[in-house]
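S.K.: File follows, start.cif with mmCIF, C-alpha atoms:
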```cif
data_data
loop_
_atom_site.group_PDB
_atom_site.id
_atom_site.type_symbol
_atom_site.label_atom_id
_atom_site.label_comp_id
_atom_site.auth_asym_id
_atom_site.auth_seq_id
_atom_site.Cartn_x
_atom_site.Cartn_y
_atom_site.Cartn_z
ATOM 1 C CA MET H 1 25.673 -6.973 -1.585
ATOM 2 C CA LEU H 2 24.968 -4.440 1.135
ATOM 3 C CA ASP H 3 26.398 -4.667 4.647
ATOM 4 C CA GLU H 4 24.259 -4.431 7.789
ATOM 5 C CA ILE H 5 25.029 -0.729 8.337
ATOM 6 C CA SER H 6 23.894 0.150 4.802
ATOM 7 C CA ILE H 7 20.731 -1.912 5.222
ATOM 8 C CA GLN H 8 20.000 -0.176 8.550
ATOM 9 C CA LYS H 9 20.420 3.244 6.908
ATOM 10 C CA LEU H 10 17.989 2.203 4.162
ATOM 11 C CA LYS H 11 15.475 1.078 6.797
ATOM 12 C CA GLU H 12 15.787 4.433 8.578
ATOM 13 C CA LYS H 13 15.198 6.274 5.308
ATOM 14 C CA TYR H 14 12.444 4.118 3.761
ATOM 15 C CA GLY H 15 10.895 2.192 6.657
ATOM 16 C CA THR H 16 10.381 -1.346 5.493
ATOM 17 C CA VAL H 17 13.101 -2.675 3.203
ATOM 18 C CA LEU H 18 12.378 -5.832 1.245
ATOM 19 C CA LYS H 19 15.147 -8.264 0.407
ATOM 20 C CA LEU H 20 14.376 -9.987 -2.876
ATOM 21 C CA THR H 21 16.402 -12.974 -4.019
ATOM 22 C CA SER H 22 16.380 -14.944 -7.255
ATOM 23 C CA ASP H 23 15.459 -18.634 -7.218
ATOM 24 C CA ASP H 24 19.103 -19.619 -7.666
ATOM 25 C CA GLN H 25 20.128 -17.273 -4.800
ATOM 26 C CA LEU H 26 22.683 -15.553 -7.068
ATOM 27 C CA THR H 27 20.826 -12.261 -7.483
ATOM 28 C CA ILE H 28 19.856 -10.218 -4.439
ATOM 29 C CA THR H 29 18.408 -6.728 -4.306
ATOM 30 C CA TYR H 30 16.713 -4.503 -1.766
ATOM 31 C CA CYS H 31 13.491 -2.642 -2.455
ATOM 32 C CA LYS H 32 11.284 -0.167 -0.638
ATOM 33 C CA LYS H 33 7.540 -0.599 -0.532
ATOM 34 C CA PRO H 34 5.848 1.474 -3.223
ATOM 35 C CA SER H 35 4.108 4.697 -2.341
ATOM 36 C CA PHE H 36 0.425 5.101 -3.039
ATOM 37 C CA THR H 37 1.235 7.304 -6.061
ATOM 38 C CA THR H 38 3.603 4.684 -7.459
ATOM 39 C CA PHE H 39 0.938 2.027 -7.036
ATOM 40 C CA LEU H 40 -1.653 4.179 -8.843
ATOM 41 C CA ASN H 41 0.798 4.678 -11.715
ATOM 42 C CA TYR H 42 1.370 0.922 -11.766
ATOM 43 C CA GLN H 43 -2.405 0.415 -11.997
ATOM 44 C CA ASN H 44 -2.715 2.772 -14.948
ATOM 45 C CA LYS H 45 0.129 1.063 -16.787
ATOM 46 C CA TYR H 46 -1.230 -2.396 -15.957
ATOM 47 C CA LYS H 47 -4.357 -1.807 -18.032
ATOM 48 C CA ASP H 48 -2.333 -1.275 -21.198
ATOM 49 C CA ASN H 49 0.657 -3.539 -20.620
ATOM 50 C CA PRO H 50 0.932 -5.750 -17.495
ATOM 51 C CA HIS H 51 4.524 -6.725 -18.350
ATOM 52 C CA GLU H 52 5.674 -3.090 -18.510
ATOM 53 C CA ALA H 53 3.660 -2.213 -15.401
ATOM 54 C CA ILE H 54 5.432 -4.844 -13.305
ATOM 55 C CA LEU H 55 8.824 -3.709 -14.623
ATOM 56 C CA PHE H 56 7.857 -0.109 -13.777
ATOM 57 C CA LEU H 57 6.898 -1.108 -10.231
ATOM 58 C CA PHE H 58 10.202 -2.923 -9.722
ATOM 59 C CA LYS H 59 12.256 -0.011 -11.082
ATOM 60 C CA GLU H 60 10.410 2.457 -8.835
ATOM 61 C CA CYS H 61 11.020 0.351 -5.729
ATOM 62 C CA VAL H 62 14.537 -1.008 -6.211
ATOM 63 C CA LEU H 63 17.078 0.773 -4.019
ATOM 64 C CA ASP H 64 20.200 0.107 -6.065
ATOM 65 C CA LYS H 65 20.691 0.993 -9.684
ATOM 66 C CA GLU H 66 22.215 -2.200 -11.001
ATOM 67 C CA ASN H 67 21.066 -3.871 -14.193
ATOM 68 C CA TYR H 68 18.866 -6.906 -13.724
ATOM 69 C CA ASP H 69 17.492 -9.304 -16.285
ATOM 70 C CA ASP H 70 13.790 -9.041 -17.160
ATOM 71 C CA GLU H 71 12.951 -12.394 -15.605
ATOM 72 C CA PHE H 72 14.286 -11.326 -12.200
ATOM 73 C CA MET H 73 12.627 -7.898 -12.411
ATOM 74 C CA LEU H 74 9.261 -9.476 -13.281
ATOM 75 C CA SER H 75 9.570 -11.996 -10.473
ATOM 76 C CA ALA H 76 10.581 -9.300 -7.977
ATOM 77 C CA GLY H 77 7.802 -6.981 -9.202
ATOM 78 C CA ASN H 78 5.262 -9.764 -8.711
ATOM 79 C CA SER H 79 6.653 -10.295 -5.208
ATOM 80 C CA ILE H 80 6.088 -6.615 -4.447
ATOM 81 C CA VAL H 81 2.483 -6.864 -5.674
ATOM 82 C CA ALA H 82 2.005 -9.981 -3.525
ATOM 83 C CA MET H 83 3.322 -8.092 -0.483
ATOM 84 C CA ILE H 84 0.892 -5.238 -1.141
ATOM 85 C CA LYS H 85 -1.957 -7.741 -1.234
ATOM 86 C CA LYS H 86 -0.713 -9.279 2.005
ATOM 87 C CA ASP H 87 -0.467 -5.845 3.674
ATOM 88 C CA SER H 88 -4.128 -5.305 2.982
ATOM 89 C CA GLU H 89 -6.886 -6.913 5.001
ATOM 90 C CA PHE H 90 -9.072 -6.078 2.055
ATOM 91 C CA THR H 91 -9.011 -8.364 -0.922
ATOM 92 C CA ILE H 92 -7.524 -6.474 -3.807
ATOM 93 C CA ASN H 93 -6.416 -7.639 -7.185
ATOM 94 C CA ALA H 94 -3.671 -6.189 -9.329
ATOM 95 C CA THR H 95 -6.082 -3.709 -10.920
ATOM 96 C CA PRO H 96 -8.543 -2.516 -8.276
ATOM 97 C CA GLN H 97 -10.962 0.214 -9.226
ATOM 98 C CA LYS H 98 -9.302 3.614 -9.205
ATOM 99 C CA ASP H 99 -12.404 5.114 -7.589
ATOM 100 C CA GLU H 100 -11.975 2.819 -4.544
ATOM 101 C CA PHE H 101 -8.486 4.194 -3.975
ATOM 102 C CA LYS H 102 -9.629 7.784 -4.366
ATOM 103 C CA LYS H 103 -12.399 7.295 -1.794
ATOM 104 C CA SER H 104 -9.975 5.592 0.576
ATOM 105 C CA ALA H 105 -7.427 8.374 0.095
ATOM 106 C CA ALA H 106 -10.075 10.994 0.876
ATOM 107 C CA LEU H 107 -11.035 9.194 4.097
ATOM 108 C CA ILE H 108 -7.403 9.003 5.213
ATOM 109 C CA ARG H 109 -6.691 12.633 4.303
ATOM 110 C CA ASN H 110 -9.776 13.797 6.215
ATOM 111 C CA ALA H 111 -9.153 11.728 9.327
ATOM 112 C CA PHE H 112 -5.382 12.086 9.690
ATOM 113 C CA GLN H 113 -4.477 15.249 7.721
ATOM 114 C CA VAL H 114 -1.742 13.427 5.799
ATOM 115 C CA ASP H 115 -1.130 13.103 2.079
ATOM 116 C CA PRO H 116 -2.150 9.482 1.430
ATOM 117 C CA TYR H 117 -0.464 9.533 -1.980
ATOM 118 C CA GLN H 118 2.951 9.737 -0.305
ATOM 119 C CA LEU H 119 2.367 6.835 2.099
ATOM 120 C CA PRO H 120 3.825 3.366 1.570
ATOM 121 C CA MET H 121 1.065 0.901 0.746
ATOM 122 C CA ASP H 122 1.286 -0.967 4.064
ATOM 123 C CA GLU H 123 0.896 2.306 5.991
ATOM 124 C CA PHE H 124 -1.952 3.344 3.667
ATOM 125 C CA TYR H 125 -3.878 0.181 4.518
ATOM 126 C CA LYS H 126 -3.184 0.481 8.246
ATOM 127 C CA LEU H 127 -4.591 4.007 8.245
ATOM 128 C CA LEU H 128 -7.543 2.969 6.088
ATOM 129 C CA GLU H 129 -8.349 0.192 8.533
ATOM 130 C CA GLU H 130 -8.271 2.707 11.405
ATOM 131 C CA VAL H 131 -10.484 5.174 9.512
ATOM 132 C CA LEU H 132 -13.051 2.495 8.780
ATOM 133 C CA TRP H 133 -13.010 1.410 12.429
ATOM 134 C CA LEU H 134 -13.507 5.028 13.534
ATOM 135 C CA GLN H 135 -16.380 5.429 11.082
ATOM 136 C CA LYS H 136 -18.066 2.291 12.354
ATOM 137 C CA HIS H 137 -17.533 3.359 15.978
ATOM 138 C CA THR H 138 -18.996 6.822 15.262
ATOM 139 C CA GLU H 139 -22.004 5.303 13.477
ATOM 140 C CA THR H 140 -22.610 2.956 16.419
ATOM 141 C CA ARG H 141 -22.482 5.866 18.887
ATOM 142 C CA LEU H 142 -24.877 7.873 16.746
ATOM 143 C CA GLU H 143 -27.201 4.885 16.470
ATOM 144 C CA ASN H 144 -27.199 4.422 20.259
ATOM 145 C CA THR H 145 -27.879 8.131 20.772
ATOM 146 C CA LEU H 146 -30.836 8.021 18.385
ATOM 147 C CA ILE H 147 -32.243 4.886 20.039
ATOM 148 C CA THR H 148 -32.020 6.563 23.457
ATOM 149 C CA ALA H 149 -33.604 9.773 22.136
ATOM 150 C CA PHE H 150 -36.494 7.891 20.527
ATOM 151 C CA ALA H 151 -37.006 5.816 23.643
ATOM 152 C CA LYS H 152 -37.199 8.937 25.817
ATOM 153 C CA THR H 153 -39.458 10.720 23.354
ATOM 154 C CA PHE H 154 -41.941 7.900 22.995
ATOM 155 C CA SER H 155 -41.924 6.799 26.622
ATOM 156 C CA ASN H 156 -43.440 10.133 27.724
#
```
Take the structure from the file and write it as structure tokens.
M.R.:
Amino acid sequence: MLDEISIQKLKEKYGTVLKLTSDDQLTITYCKKPSFTTFLNYQNKYKDNPHEAILFLFKECVLDKENYDDEFMLSAGNSIVAMIKKDSEFTINATPQKDEFKKSAALIRNAFQVDPYQLPMDEFYKLLEEVLWLQKHTETRLENTLITAFAKTFSN
């Protein structure tokens, strides 16, 4: 089990650190949130073998290299997926369309000049929410400008 100083160092390095505990409270591990790239790899694996995909996600996110039994790794992996869903205002399932992610990544890259594939999923969704808000705001401004222009044009 990690002490508070070690946990704080992990938080400084990875941002959010998740503490995952088994039902019997005997097994505890700490995980980082998956990056966008890790989540895309999880998606690809999920199509062929959901069991292996969840194990992959757990192994990519776990911050210690101890051996865990499959049941705990599957449970923890499912918890990570649940947290990703919770981070998102958008309803996503475990296998969202790859094209949706690519479009979202392009919006984020264009608006913020960051590599969205390196972002943790919670940060990815925060930035996506901001991009969509900016798009809507820009469209509203453009709409108001056009309405004013038409009004001036046709009032003369």
S.K.: So that I can see what lies close to Leu55 of chain H, please list as a PyMOL selection string the residues with an atom at most 12 Å from it, counting all atoms listed in the file and leaving out residues fewer than 2 positions away in the same chain.
M.R.: chain H and resi 41-42+45-46+49-53+57-62+68-81
S.K.: Check the smallest atom-to-atom distance from each of H:Met121, H:Leu63, H:Ala111, H:Ala106 to Ile7 of chain H using all atoms listed in the file, then report the winner.
M.R.: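 Of the candidates, the smallest distance to Ile7 of chain H is held by H:Leu63.
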S.K.: Compile the contact shell of Asp64 of chain H as a list in words: residues with an atom at most 9 Å away, counting only C-alpha atoms, same-chain residues fewer than 4 positions apart removed.
M.R.: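 After dropping sequence-adjacent residues, the list is Thr29, Tyr30 and Cys31 of chain H.
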S.K.: Please determine the residues with any atom at most 10 Å from (-8.3, 4.5, -2.7) (coordinates as given in the file, with only C-alpha atoms counting) and report them as a list of chain:residue names.
M.R.: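 Protein, DNA and RNA residues close to (-8.3, 4.5, -2.7): H:Phe36, H:Leu40, H:Pro96, H:Gln97, H:Lys98, H:Asp99, H:Glu100, H:Phe101, H:Lys102, H:Lys103, H:Ser104, H:Ala105, H:Ala106, H:Leu107, H:Ile108, H:Pro116, H:Tyr117, H:Phe124, H:Tyr125, H:Leu128.
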S.K.: Find the residue from H:Thr27, H:Thr153, H:Asp122, H:Thr148 that sits nearest to Asn67 of chain H; use all atoms listed in the file when measuring.
M.R.: H:Thr27
S.K.: Quick one: residues within 9 Å of Ile28 of chain H, all atoms listed in the file, excluding same-chain residues fewer than 6 positions away - as a PyMOL selection string?
M.R.: chain H and resi 1+19-22
